[in-house]
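Data from target_35.txt: compact mmCIF, C-alpha atoms and all ligand atoms
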```
# COMPACT_ATOMS: atom_id res chain seq x y z
CA MET U 1 0.00 0.00 0.00
CA SER U 2 1.25 3.47 -0.77
CA PRO U 3 1.97 5.33 2.48
CA ASP U 4 -0.11 8.24 1.21
CA LEU U 5 -3.23 6.13 1.29
CA ILE U 6 -3.41 6.42 5.06
CA SER U 7 -3.43 10.23 4.99
CA GLY U 8 -6.67 11.91 5.87
CA LEU U 9 -8.26 8.93 7.56
CA SER U 10 -9.06 8.73 11.22
CA VAL U 11 -7.86 5.91 13.41
CA GLU U 12 -11.39 4.44 13.50
CA ASP U 13 -11.25 3.80 9.76
CA TRP U 14 -8.56 1.21 10.23
CA THR U 15 -8.47 -2.25 11.56
CA TRP U 16 -5.95 -2.91 14.27
CA TYR U 17 -3.09 -3.99 12.03
CA GLY U 18 -4.04 -1.47 9.36
CA GLN U 19 -2.81 1.29 11.66
CA PHE U 20 0.74 -0.02 11.66
CA GLN U 21 3.03 -1.15 8.87
CA PHE U 22 6.57 -1.43 7.67
CA LEU U 23 6.99 0.49 4.42
CA ASP U 24 8.62 -0.35 1.13
CA ILE U 25 12.09 1.23 1.41
CA GLY U 26 13.00 1.25 -2.27
CA LYS U 27 16.33 0.29 -3.76
CA LYS U 28 18.54 2.50 -1.59
CA GLY U 29 16.82 2.29 1.79
CA ASN U 30 19.20 1.21 4.54
CA GLU U 31 16.81 1.06 7.51
CA PHE U 32 13.45 -0.49 8.24
CA ILE U 33 10.73 2.18 8.18
CA PHE U 34 7.71 1.72 10.45
CA GLN U 35 4.66 3.91 10.03
CA TYR U 36 1.62 4.16 12.25
CA LEU U 37 -1.22 6.35 13.31
CA ASP U 38 -0.82 7.53 16.88
CA ALA U 39 -3.67 7.86 19.38
CA ASN U 40 -4.59 11.26 17.88
CA GLY U 41 -4.67 9.95 14.33
CA ASN U 42 -1.36 11.54 13.38
CA LYS U 43 0.84 9.63 10.99
CA VAL U 44 4.22 8.87 12.56
CA THR U 45 7.20 7.42 10.71
CA GLN U 46 10.21 5.94 12.49
CA SER U 47 13.35 4.26 11.18
CA PHE U 48 15.02 1.24 12.74
CA ALA U 49 18.45 -0.15 11.83
CA ASP U 50 17.28 -3.70 12.45
CA LEU U 51 14.30 -5.67 13.71
CA ASP U 52 15.77 -6.26 17.16
CA ILE U 53 15.82 -2.51 17.72
CA TRP U 54 12.24 -2.31 16.45
CA GLU U 55 11.27 -5.06 18.88
CA GLY U 56 12.75 -3.12 21.79
CA TRP U 57 10.64 -0.11 20.84
CA ALA U 58 7.54 -2.16 20.08
CA ARG U 59 7.58 -4.06 23.38
CA ASP U 60 7.24 -0.71 25.09
CA TYR U 61 4.86 0.92 22.59
CA PHE U 62 2.41 -2.00 22.45
CA SER U 63 2.52 -2.95 26.14
CA GLY U 64 -1.02 -3.32 27.44
CA ARG U 65 -2.34 -4.30 23.99
CA LEU U 66 -0.61 -7.64 23.52
CA ASP U 67 -3.82 -9.68 23.83
CA GLU U 68 -5.24 -7.86 20.80
CA MET U 69 -2.36 -8.85 18.57
CA ALA U 70 -2.28 -11.69 16.06
CA GLY U 71 -0.36 -14.68 17.41
CA SER U 72 -1.10 -14.06 21.08
CA THR U 73 -3.05 -17.35 21.30
CA LEU U 74 -0.55 -19.36 19.28
CA ALA U 75 2.53 -18.05 21.11
CA GLY U 76 0.99 -18.30 24.57
CA GLU U 77 3.78 -17.74 27.09
CA ASP U 78 6.51 -17.87 24.45
CA VAL U 79 7.52 -14.20 24.41
CA GLU U 80 10.25 -14.64 21.80
CA LEU U 81 7.89 -16.37 19.39
CA PHE U 82 5.23 -13.73 20.00
CA TRP U 83 7.59 -10.95 18.91
CA GLU U 84 8.85 -12.90 15.93
CA LEU U 85 5.23 -13.22 14.83
CA GLN U 86 4.70 -9.47 15.27
CA LYS U 87 7.61 -8.65 12.97
CA MET U 88 6.11 -10.98 10.38
CA ALA U 89 2.59 -9.59 10.82
CA PHE U 90 3.65 -5.96 10.41
CA LEU U 91 5.87 -6.77 7.44
CA SER U 92 3.27 -8.79 5.54
CA ARG U 93 -0.48 -8.30 5.74
CA SER U 94 -0.89 -11.64 4.03
CA VAL U 95 1.17 -13.51 6.64
CA CYS U 96 -0.68 -11.56 9.34
CA THR U 97 -3.98 -13.06 8.19
CA VAL U 98 -2.54 -16.58 8.47
CA ILE U 99 -1.32 -15.90 12.01
CA ALA U 100 -4.69 -14.42 12.99
CA ALA U 101 -6.50 -17.40 11.43
CA ILE U 102 -4.38 -19.81 13.50
CA ASP U 103 -5.41 -17.99 16.69
CA LYS U 104 -9.05 -18.20 15.65
CA ALA U 105 -8.77 -21.89 14.70
CA ILE U 106 -7.23 -22.72 18.09
CA GLU U 107 -9.90 -20.74 19.93
CA THR U 108 -12.87 -22.18 18.04
CA SER U 109 -11.72 -25.81 17.63
CA GLY U 110 -10.27 -26.35 21.10
CA GLN U 111 -7.17 -27.89 19.53
CA THR U 112 -3.78 -26.88 20.82
CA VAL U 113 -0.44 -26.29 19.15
CA THR U 114 2.63 -27.24 21.14
CA ILE U 115 5.58 -24.89 20.67
CA VAL U 116 8.94 -26.59 20.96
CA SER U 117 12.36 -25.00 20.72
CA ALA U 118 14.52 -26.64 18.07
CA PRO U 119 18.04 -25.40 18.85
CA GLU U 120 19.80 -27.75 16.44
CA GLY U 121 17.44 -27.62 13.52
CA LEU U 122 15.38 -25.38 11.32
CA ASP U 123 11.76 -24.47 11.93
CA SER U 124 9.30 -27.25 11.15
CA TYR U 125 5.75 -28.41 11.83
CA ASP U 126 4.64 -31.89 12.82
CA TRP U 127 1.17 -32.70 11.50
CA GLY U 128 0.63 -35.69 13.77
CA THR U 129 1.29 -34.00 17.09
CA ASN U 130 0.39 -30.35 16.26
CA THR U 131 3.91 -29.33 17.19
CA LEU U 132 5.57 -26.19 15.87
CA PHE U 133 9.33 -26.42 16.20
CA TRP U 134 11.20 -23.17 15.94
CA ASN U 135 14.67 -21.99 16.71
CA PRO U 136 14.64 -18.82 18.83
CA ASP U 137 18.42 -18.38 18.63
CA MET U 138 18.66 -18.46 14.86
CA ARG U 139 16.41 -15.71 13.52
CA GLY U 140 18.83 -14.02 11.13
CA SER U 141 19.77 -15.20 7.69
CA VAL U 142 19.82 -18.99 7.55
CA ASP U 143 20.69 -21.63 4.98
CA TYR U 144 17.54 -23.70 4.50
CA PHE U 145 19.56 -26.76 3.55
CA PRO U 146 22.43 -26.64 6.07
CA GLY U 147 25.70 -28.20 5.07
CA ARG U 148 24.83 -28.30 1.39
CA GLY U 149 26.61 -25.11 0.37
CA ALA U 150 23.61 -22.84 -0.37
CA GLU U 151 23.95 -23.42 -4.10
CA ARG U 152 20.91 -21.32 -5.02
CA ALA U 153 20.21 -17.71 -4.10
CA TRP U 154 16.78 -18.72 -2.73
CA HIS U 155 18.41 -21.12 -0.23
CA THR U 156 19.41 -18.24 2.06
CA ALA U 157 16.83 -15.99 3.73
CA PRO U 158 15.84 -14.80 7.22
CA ALA U 159 14.45 -17.59 9.39
CA MET U 160 10.97 -16.01 9.47
CA VAL U 161 10.59 -17.14 5.86
CA GLY U 162 10.70 -20.76 6.97
CA LEU U 163 8.41 -20.00 9.89
CA ALA U 164 5.85 -18.49 7.48
CA HIS U 165 5.95 -21.78 5.54
CA GLU U 166 5.37 -23.86 8.68
CA LEU U 167 2.56 -21.58 9.88
CA GLU U 168 0.58 -22.34 6.72
CA HIS U 169 0.99 -26.08 7.39
CA CYS U 170 -0.17 -25.47 10.96
CA LEU U 171 -3.27 -23.58 9.78
CA ASP U 172 -4.16 -26.30 7.26
CA ASP U 173 -3.81 -28.92 9.99
CA LEU U 174 -6.00 -26.99 12.44
CA ASN U 175 -8.60 -26.66 9.66
CA GLY U 176 -8.65 -30.43 9.26
CA LEU U 177 -6.83 -30.64 5.93
CA PRO U 178 -4.64 -33.73 5.57
CA TYR U 179 -1.04 -33.42 4.45
CA ILE U 180 -0.91 -34.15 0.70
CA GLU U 181 2.32 -32.99 -0.86
CA VAL U 182 1.27 -30.89 -3.85
CA PRO U 183 -1.62 -28.88 -2.38
CA SER U 184 -0.05 -28.64 1.08
CA GLU U 185 3.36 -27.50 -0.13
CA THR U 186 1.87 -25.16 -2.75
CA ALA U 187 -0.02 -23.35 0.02
CA ALA U 188 3.01 -23.29 2.33
CA MET U 189 5.36 -22.01 -0.39
CA SER U 190 2.82 -19.34 -1.31
CA ASN U 191 2.79 -18.01 2.25
CA GLU U 192 6.57 -18.38 2.39
CA ASN U 193 6.89 -16.26 -0.76
CA GLN U 194 4.61 -13.59 0.68
CA MET U 195 7.08 -13.33 3.57
CA ARG U 196 10.03 -13.33 1.17
CA TYR U 197 8.45 -10.59 -0.96
CA ALA U 198 7.80 -8.39 2.09
CA LEU U 199 11.47 -8.74 3.09
CA PHE U 200 12.56 -8.07 -0.49
CA LYS U 201 10.73 -4.72 -0.37
CA LYS U 202 11.09 -3.70 3.26
CA MET U 203 14.39 -5.07 4.61
CA PRO U 204 17.67 -3.22 4.04
CA GLY U 205 19.53 -5.25 1.41
CA GLY U 206 16.40 -7.21 0.56
CA ARG U 207 16.31 -5.91 -3.03
CA GLN U 208 19.57 -7.69 -3.68
CA ASN U 209 19.30 -10.77 -1.51
CA ILE U 210 15.74 -12.03 -1.11
CA PHE U 211 14.63 -14.31 -3.93
CA PRO U 212 11.33 -16.12 -4.48
CA ARG U 213 11.27 -19.82 -3.73
CA PRO U 214 10.73 -21.42 -7.15
CA GLY U 215 9.90 -24.96 -6.05
CA LEU U 216 10.03 -27.59 -3.32
CA ALA U 217 13.14 -29.50 -4.34
CA ARG U 218 16.47 -28.18 -3.09
CA ASN U 219 18.07 -28.12 -6.54
CA THR U 220 15.28 -26.07 -8.17
CA GLU U 221 16.98 -23.33 -10.21
CA ASP U 222 16.57 -19.68 -9.21
CA ILE U 223 14.03 -17.93 -11.44
CA ALA U 224 16.65 -15.32 -12.40
CA SER U 225 20.10 -14.30 -11.21
CA GLU U 226 18.87 -10.86 -10.03
CA ALA U 227 16.26 -10.72 -7.26
CA ASP U 228 14.16 -7.96 -8.84
CA LYS U 229 13.99 -9.80 -12.14
CA ALA U 230 13.14 -13.06 -10.38
CA TRP U 231 10.19 -11.40 -8.61
CA ARG U 232 8.90 -9.78 -11.81
CA ILE U 233 8.86 -13.16 -13.51
CA TYR U 234 7.34 -14.88 -10.48
CA TRP U 235 4.38 -12.49 -10.23
CA ARG U 236 3.79 -12.41 -13.99
CA ASN U 237 3.82 -16.20 -14.28
CA ARG U 238 2.17 -17.06 -11.00
CA SER U 239 0.66 -20.29 -12.36
CA ALA U 240 4.11 -21.58 -13.41
CA TYR U 241 5.22 -21.80 -9.73
CA PRO U 242 6.04 -23.76 -7.71
CA LYS U 243 8.02 -26.02 -10.01
CA TRP U 244 7.75 -29.75 -9.28
CA LYS U 245 10.45 -32.27 -9.86
CA LYS U 246 9.69 -34.43 -12.90
ZN ZN N 1 6.36 -27.76 3.78
```

Rewrite the coordinates I just gave you, this time as structure tokens.
Amino acid sequence: MSPDLISGLSVEDWTWYGQFQFLDIGKKGNEFIFQYLDANGNKVTQSFADLDIWEGWARDYFSGRLDEMAGSTLAGEDVELFWELQKMAFLSRSVCTVIAAIDKAIETSGQTVTIVSAPEGLDSYDWGTNTLFWNPDMRGSVDYFPGRGAERAWHTAPAMVGLAHELEHCLDDLNGLPYIEVPSETAAMSNENQMRYALFKKMPGGRQNIFPRPGLARNTEDIASEADKAWRIYWRNRSAYPKWKK
């Protein structure tokens, strides 16, 4: 959304998350930019060198409103996961809706999701036990296929990209959908690419480094050697992705 679109509207015109967003920083932006409407309806824009600094500010700014935020049910007492989910929700409206839907599914179905720290591994979701494994100590740029040399540009991305993928699996599971590779992974990779695209536009360096995931298999070729070109092709040929191994 263009930042100008929120001019001239009062706070009441916006849903909760609509009042806060990270902005597209363009090709040369070197800080995250967070924009929000304050209690008086004034538009405020603040820059943050990284998401940890934003989190420090946000923990203070949003204190007292945490129960209203997407992911509060899913994260429960896991404060680190809660704030990881907030970064994701404010970066991507699309990922925010998945997180909010998980909260709703837990509340209405009575199912639970167990959150388990996975210090040695990457984020994952276990369909059988409703367990979301995530690694709180490894939230920066990670290699999604550790030890294999990150041969493709899409192999490396911030860990929240993988978490976005697992959250879609979690939502499907809570909604009673069985795991079937093609539809399940198509949905998960779609949510994953929404997270990737938000980071491409809103994270310093993202324009150069954050590529779309082209397919499930590790050796799937990057769509293009430049990130901006890869995204143009991805969005223009949406039905061509994800690629499946023959
Ligand atoms: Zn998956």

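The set of protein, DNA and RNA residues with any counted atom at most 12 Å from (22.0, -22.9, 0.4) (only C-alpha atoms) reads Ser141, Val142, Asp143, Tyr144, Phe145, Pro146, Gly147, Arg148, Gly149, Ala150, Glu151, Arg152, Ala153, Trp154, His155, Thr156, Ala157, Arg213, Arg218, Asn219, Thr220, Glu221 and Asp222 of chain U.
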
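The nearest approach to ligand ZN 1 (chain N) among the residues U:Ala224, U:Leu167, U:Tyr234, U:Ser239, with all atoms listed in the file taken into account, belongs to U:Leu167.
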
_Contacts to ligand ZN 1 (chain N) at 9 Å cut-off (all atoms listed in the file) as a ChimeraX atom specification_ = /U:124-125,162,165-166,168-169,181,184-189,216

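Shortest atom-to-atom contact with Leu122 (chain U) among U:Ser94, U:Met160, U:Ile25, U:Tyr17: U:Met160, counting all atoms listed in the file.
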
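Distances here use all atoms listed in the file; by that measure, the residue among U:Ala89, U:Asp228, U:Pro212, U:Glu31 closest to Tyr241 (chain U) is U:Pro212.
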
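Reported to one decimal place, the separation of CA of Leu51 (chain U) from CA of Glu107 (chain U) is 29.2 Å.
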
For a quick check of your reading of the model, name the residues lying within 12 Å of the coordinate (0.0, -35.7, 13.4), counting only C-alpha atoms, and write them as a PyMOL selection string.
chain U and resi 113-114+125-132+169-170+172-174+176-179

Task: Who sits within 7 Å of Gly140 (chain U), all atoms listed in the file, same chain under 2 positions skipped, as a list in words - done: Met138, Val142, Pro158 and Ala159 of chain U

For Ala70 (chain U): contacts at 7 Å, all atoms listed in the file, fewer than 6 positions along chain excluded, given as a PyMOL selection string: chain U and resi 96+99-100

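From CA of Phe32 (chain U) back to CA of Trp235 (chain U), the distance works out to 23.8 Å.
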
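When all atoms listed in the file are used to measure the gap to Leu163 (chain U), the shortest distance among U:Asn175, U:Asn191, U:Thr97, U:Gln46 belongs to U:Asn191.
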
Checklist line | Near-Pro136 (chain U) list (8 Å; all atoms listed in the file; drop same-chain fewer than 6 positions) as a PyMOL selection string | finding: chain U and resi 80-81+117-119

Dump of C-alpha atoms for the selected residues, as a JSON list (two decimals), in the coordinates of the input:
```json
[["chain", "number", "residue", "atom", "x", "y", "z"],
["U", 80, "GLU", "CA", 10.25, -14.64, 21.80],
["U", 81, "LEU", "CA", 7.89, -16.37, 19.39],
["U", 117, "SER", "CA", 12.36, -25.00, 20.72],
["U", 118, "ALA", "CA", 14.52, -26.64, 18.07],
["U", 119, "PRO", "CA", 18.04, -25.40, 18.85]]
```

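Closest to Gly206 (chain U) among U:Ile53, U:Ile102, U:Ala227, U:Ala75 is U:Ala227, based on all atoms listed in the file.
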
Taken to one decimal, the CA of Ser92 (chain U)-CA of Gln194 (chain U) distance is 7.0 Å

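When only C-alpha atoms are used to measure the gap to Asn42 (chain U), the shortest distance among U:Arg232, U:Phe20, U:Tyr61, U:Asn209 belongs to U:Phe20.
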
| request: Tell me which protein, DNA and RNA residues are within 12 Å of Ala240 (chain U), counting all atoms listed in the file, leaving out same-chain ones fewer than 3 positions away, and put them as number ranges by chain. | output: U: 186, 214-215, 223, 233-237, 243-244

The selected residues should be written to file as a PDB file, in the coordinates of the input (atoms: C-alpha atoms).
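Just written: again-v4.pdb:
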```pdb
ATOM      1  CA  THR U 186       1.870 -25.160  -2.750  1.00  0.00           C
ATOM      2  CA  PRO U 214      10.730 -21.420  -7.150  1.00  0.00           C
ATOM      3  CA  GLY U 215       9.900 -24.960  -6.050  1.00  0.00           C
ATOM      4  CA  ILE U 223      14.030 -17.930 -11.440  1.00  0.00           C
ATOM      5  CA  ILE U 233       8.860 -13.160 -13.510  1.00  0.00           C
ATOM      6  CA  TYR U 234       7.340 -14.880 -10.480  1.00  0.00           C
ATOM      7  CA  TRP U 235       4.380 -12.490 -10.230  1.00  0.00           C
ATOM      8  CA  ARG U 236       3.790 -12.410 -13.990  1.00  0.00           C
ATOM      9  CA  ASN U 237       3.820 -16.200 -14.280  1.00  0.00           C
ATOM     10  CA  LYS U 243       8.020 -26.020 -10.010  1.00  0.00           C
ATOM     11  CA  TRP U 244       7.750 -29.750  -9.280  1.00  0.00           C
TER      12      TRP U 244
END
```
